[in-house]
There are 2 protein chains.
Amino acid sequence: MRLDEISTPSRVADADEGVSGAELGLAARNHGMPLEAMRYDVTPAGLHYLLIHYDIPFVDPAAWRLTLDGLVDRPLTIDLETLRAMPATTVRSTMECAGNGRARLEPRPVSQPWLVEAVGTAEWTGVPLRDVLTAAGVRDGAVDVVFTGADHGVERGVEQDYQRKLTVAEALSPDVLIAYAMNGAPLLPQHGFPVRLLVPGWYGMTNVKWLTRIEVLDHAFTGFQQKAYVVRQSADEPGEPITRIAPRALVIPPGFPDFMTRGRVVRPGPVLIEGRAWSGRAPVERVEVSVDGGETWAEAALAPDGGHRWAWRRWSWSWVAEPGQHLVTARATTSDGEVQPVDAPWNRGGFANNAVHRIPVTCLEA
Amino acid sequence: MRLDEISTPSRVADADEGVSGAELGLAARNHGMPLEAMRYDVTPAGLHYLLIHYDIPFVDPAAWRLTLDGLVDRPLTIDLETLRAMPATTVRSTMECAGNGRARLEPRPVSQPWLVEAVGTAEWTGVPLRDVLTAAGVRDGAVDVVFTGADHGVERGVEQDYQRKLTVAEALSPDVLIAYAMNGAPLLPQHGFPVRLLVPGWYGMTNVKWLTRIEVLDHAFTGFQQKAYVVRQSADEPGEPITRIAPRALVIPPGFPDFMTRGRVVRPGPVLIEGRAWSGRAPVERVEVSVDGGETWAEAALAPDGGHRWAWRRWSWSWVAEPGQHLVTARATTSDGEVQPVDAPWNRGGFANNAVHRIPVTCLEA
């Protein structure tokens with residue numbers, strides 16, 4: 001029995017293929033954020049989305065060490081007490097899974113079957129990565145910085161500890177943290193206890209959890225996850241790497257739900273349509289709302305960012321609902337003019353699908 | 001447009017029908033406990049399973065009141081400060097969704113598609129319900145006690161606030177709590193903040209979250225959820241009510257996983273097989289383990305309950321793995337002689353499926 005016999009290549013579902021047992025297994029473990037939790041500026045514990053490639057490792061905080069080595073003048077080994085004693089920064093950041101929206105693509109790439117809920121916002125506290133790299137002294141000729149987590153598994157036949165990289169320039173950005181607290185409390189086990197990487201504005205896969213090692217390389221890192229998180233049309237293309245979060249607006253589902261379909265019900269009269277919008281690229285500067293599925297649009301009021309460049313912003317629009325079926329939709333536009341698409345272009349990994357959010361709403365008779 | 005046009009009757013999936021978009025929507029919101037979290041005696045925040053019928057309501061704790069009325073001598077209205085000042089009890093309790101195991105039934109009842117992970121253990125703190133009922137004075141002739149939550153929605157065409165009942169005798173059990181804390185902290189929004197009912201040993205549906213009203217009736221309560229949570233073969237039977245949690249043992253998946261299939265990989269040699277077992281009926285007194293899918297069984301060591309009658313118990317068994325394919329299985333037996341079935345009898349709602357847990361494990365060559 002070899003690993004590549006039980007861990008097979010990625011694939012795309014057949015046209016009429018329902019969600020498989022394996023995809024359901026992933027959906028039962030990993031979870032999205034119930035959309036009504038967008039009422040909170042900062043997502044409460046347990047409601048932030050989670051995507052864990054392998055198992056949640058158990059890391060003994062007393063035995064934990066972070067190694068920083070490779071192309072540096074002074075390799076470092078840091079324990080938790082030392083890290084917590086260093087000058088710290090807190091950043092409020094919206095994190096989103098690169099696979100958010102995957103299960104809405106047709107044909108559906110077979111992997112964690114996210115609809116639209118793989119997002120959350122937290123206050124992350126930690127030591128700027130830049131400070132630690134500076135203390136170690138990054139040498140001339142350094143190209144990439146590789147981050148290794150304690151989570152171990154096999155994926156598409158390749159046994160691995162989870163690893164991702166940043167370029168040296170990206171790693172020296174002042175917002176990148178070696179984080180040990182979330183919303184003022186130690187990281188929960190599922191969010192990387194005791195320490196994780198936090199890269200504001202980037203999709204979740206770069207925010208390596210259960211961080212154990214940082215290595216500076218004199219060449220480009222080409223590990224498994226760098227090759228997996230790419231936009232491509234077929235498996236034999238190298239593809240374009242996924243980096244920063246595409247702009248997106250989501251709607252807090254109005255009214256009340258049907259248990260089974262999550263279809264929404266309102267009664268005639270004023271209904272506040274509100275939600276959140278964010279972007280890891282240029283900032284969101286406009287949100288529009290439609291109640292006819294995108295045929296006509298109205299301008300939503302966008303709340304200021306309150307100094308939180310990397311966090312979602314609240315938006316709202318007052319609707320007067322009339323009996324009948326409606327399709328509530330929102331779209332964000334950035335200061336660079338990037339607008340959410342009505343239909344996202346397909347890609348084989350199902351990444352970065354930021355097609356507009358649509359919520360069917362039934363308005364009953366008065 | 002009427003509610004019964006958008007909120008349709010329950011149904012069973014066709015023989016070859018994959019998981020539907022609606023089921024996937026539920027799986028993305030509600031979440032199970034990653035099975036490796038069984039390493040903790042008490043499940044950390046955010047890892048306990050969640051099943052929320054409608055939306056998580058926002059309840060202002062300053063405005064929150066609990067009304068106790070109906071067939072009582074002194075109707076009460078209690079605010080949060082008053083409740084927290086009353087003598088409190090803490091109970092460690094394993095809670096499980098009545099629908100756990102549903103998606104493993106064939107044909108599959110279409111609802112929240114749980115596999116086996118809808119479980120968690122917490123330390124719940126609150127005021128014994130009995131104390132509050134006694135203070136109000138339950139009158140002669142009282143039959144049922146109805147608990148109403150603030151969560152509102154429509155289900156199978158019926159608009160409702162979530163409601164469940166206990167009989168007066170059940171409600172006066174000393175273990176039943178009006179709970180306001182979980183693991184020493186205020187309830188999280190998704191677990192019923194500020195106050196929920198906690199009925200140790202019963203499936204989750206009875207533990208009404210976001211509790212706002214307790215009403216004592218002189219007749220049997222027959223609300224929607226009482227009729228929904230029943231074991232029956234067809235929709236036209238009344239069925240047998242679901243009450244206490246059936247015995248179950250789950251295995252902490254050994255070794256490391258394949259990302260996509262969650263199949264497990266170990267290397268030859270000693271592997272500790274461990275997990276948890278619980279029952280809301282008679283206590284678990286025996287756990288057996290099999291590595292051949294149930295053809296042969298070995299006795300696991302069962303840890304004492306440590307005085308926590310309603311919490312899961314750890315069990316373990318030492319395996320020496322040899323190269324090849326294995327099917328790791330465990331089954332619990334109660335002091336009443338109730339044994340987990342290898343194949344659970346089917347029921348239309350997909351409730352209380354406590355069929356044994358099976359985990360495919362590949363042992364590589366040395």
# chains A, B, ... in the order shown; residues from 1 in each chain; ligands from 1
>>> residues_around(residues="region 194-206 of chain B", least_positions_apart="3", cutoff="6 Å", atoms="only C-alpha atoms", output="NGL selection string")
:B and (93 or 95-98 or 164 or 176-180 or 209-211 or 243-245 or 280 or 310)
>>> select_by_dssp(residues="region 153-314 of chain B", states="helix (DSSP H, G or I)", output="PyMOL selection string")
chain B and resi 168-171+189-191+204-206+224-228
>>> select_by_dssp(residues="region 60-284 of chain B", states="strand (DSSP E)", output="PyMOL selection string")
chain B and resi 65-70+76-79+89-96+119-128+144-155+158-167+177-182+185-186+196-198+211-217+230-231+240-241+248-251+256-257+264-266+269-278+284
>>> closest_residue(among="B:Glu106, B:Glu117, B:Glu123, B:Asp73", to="chain A", atoms="only C-alpha atoms")
B:Glu117
>>> residues_around(residues="region 52-63 of chain A", least_positions_apart="4", cutoff="6 Å", atoms="only C-alpha atoms", output="list in words")
Asp151, Gly153 and Gln190 of chain A; Pro257 and Phe259 of chain B
>>> closest_residue(among="A:Thr90, A:Thr334, A:Gln340, A:Thr261", to="chain B", atoms="only C-alpha atoms")
A:Thr261
>>> atom_distance(atom1="CA of Leu188 (chain B)", atom2="CA of Ala118 (chain B)")
17.6 Å
>>> atom_distance(atom1="CA of Ala27 (chain B)", atom2="CA of Leu50 (chain A)")
13.1 Å
>>> closest_residue(among="B:Arg102, B:Arg156, B:His219, B:Arg313", to="Asp144 (chain B)", atoms="only C-alpha atoms")
B:His219
>>> closest_residue(among="B:Gly223, B:Gly255, B:Gly101, B:Gly307", to="Asp343 (chain B)", atoms="only C-alpha atoms")
B:Gly101
>>> residues_around(residues="Arg104 (chain A)", least_positions_apart="3", cutoff="9 Å", atoms="only C-alpha atoms", output="PyMOL selection string")
chain A and resi 101+107-108+113-116+350+353
>>> closest_residue(among="A:Arg262, A:Arg358, A:Arg139, A:Lys165", to="chain B", atoms="only C-alpha atoms")
A:Arg262
>>> closest_residue(among="B:Val266, B:Ala321, B:Leu172, B:Ala88", to="chain A", atoms="only C-alpha atoms")
B:Val266
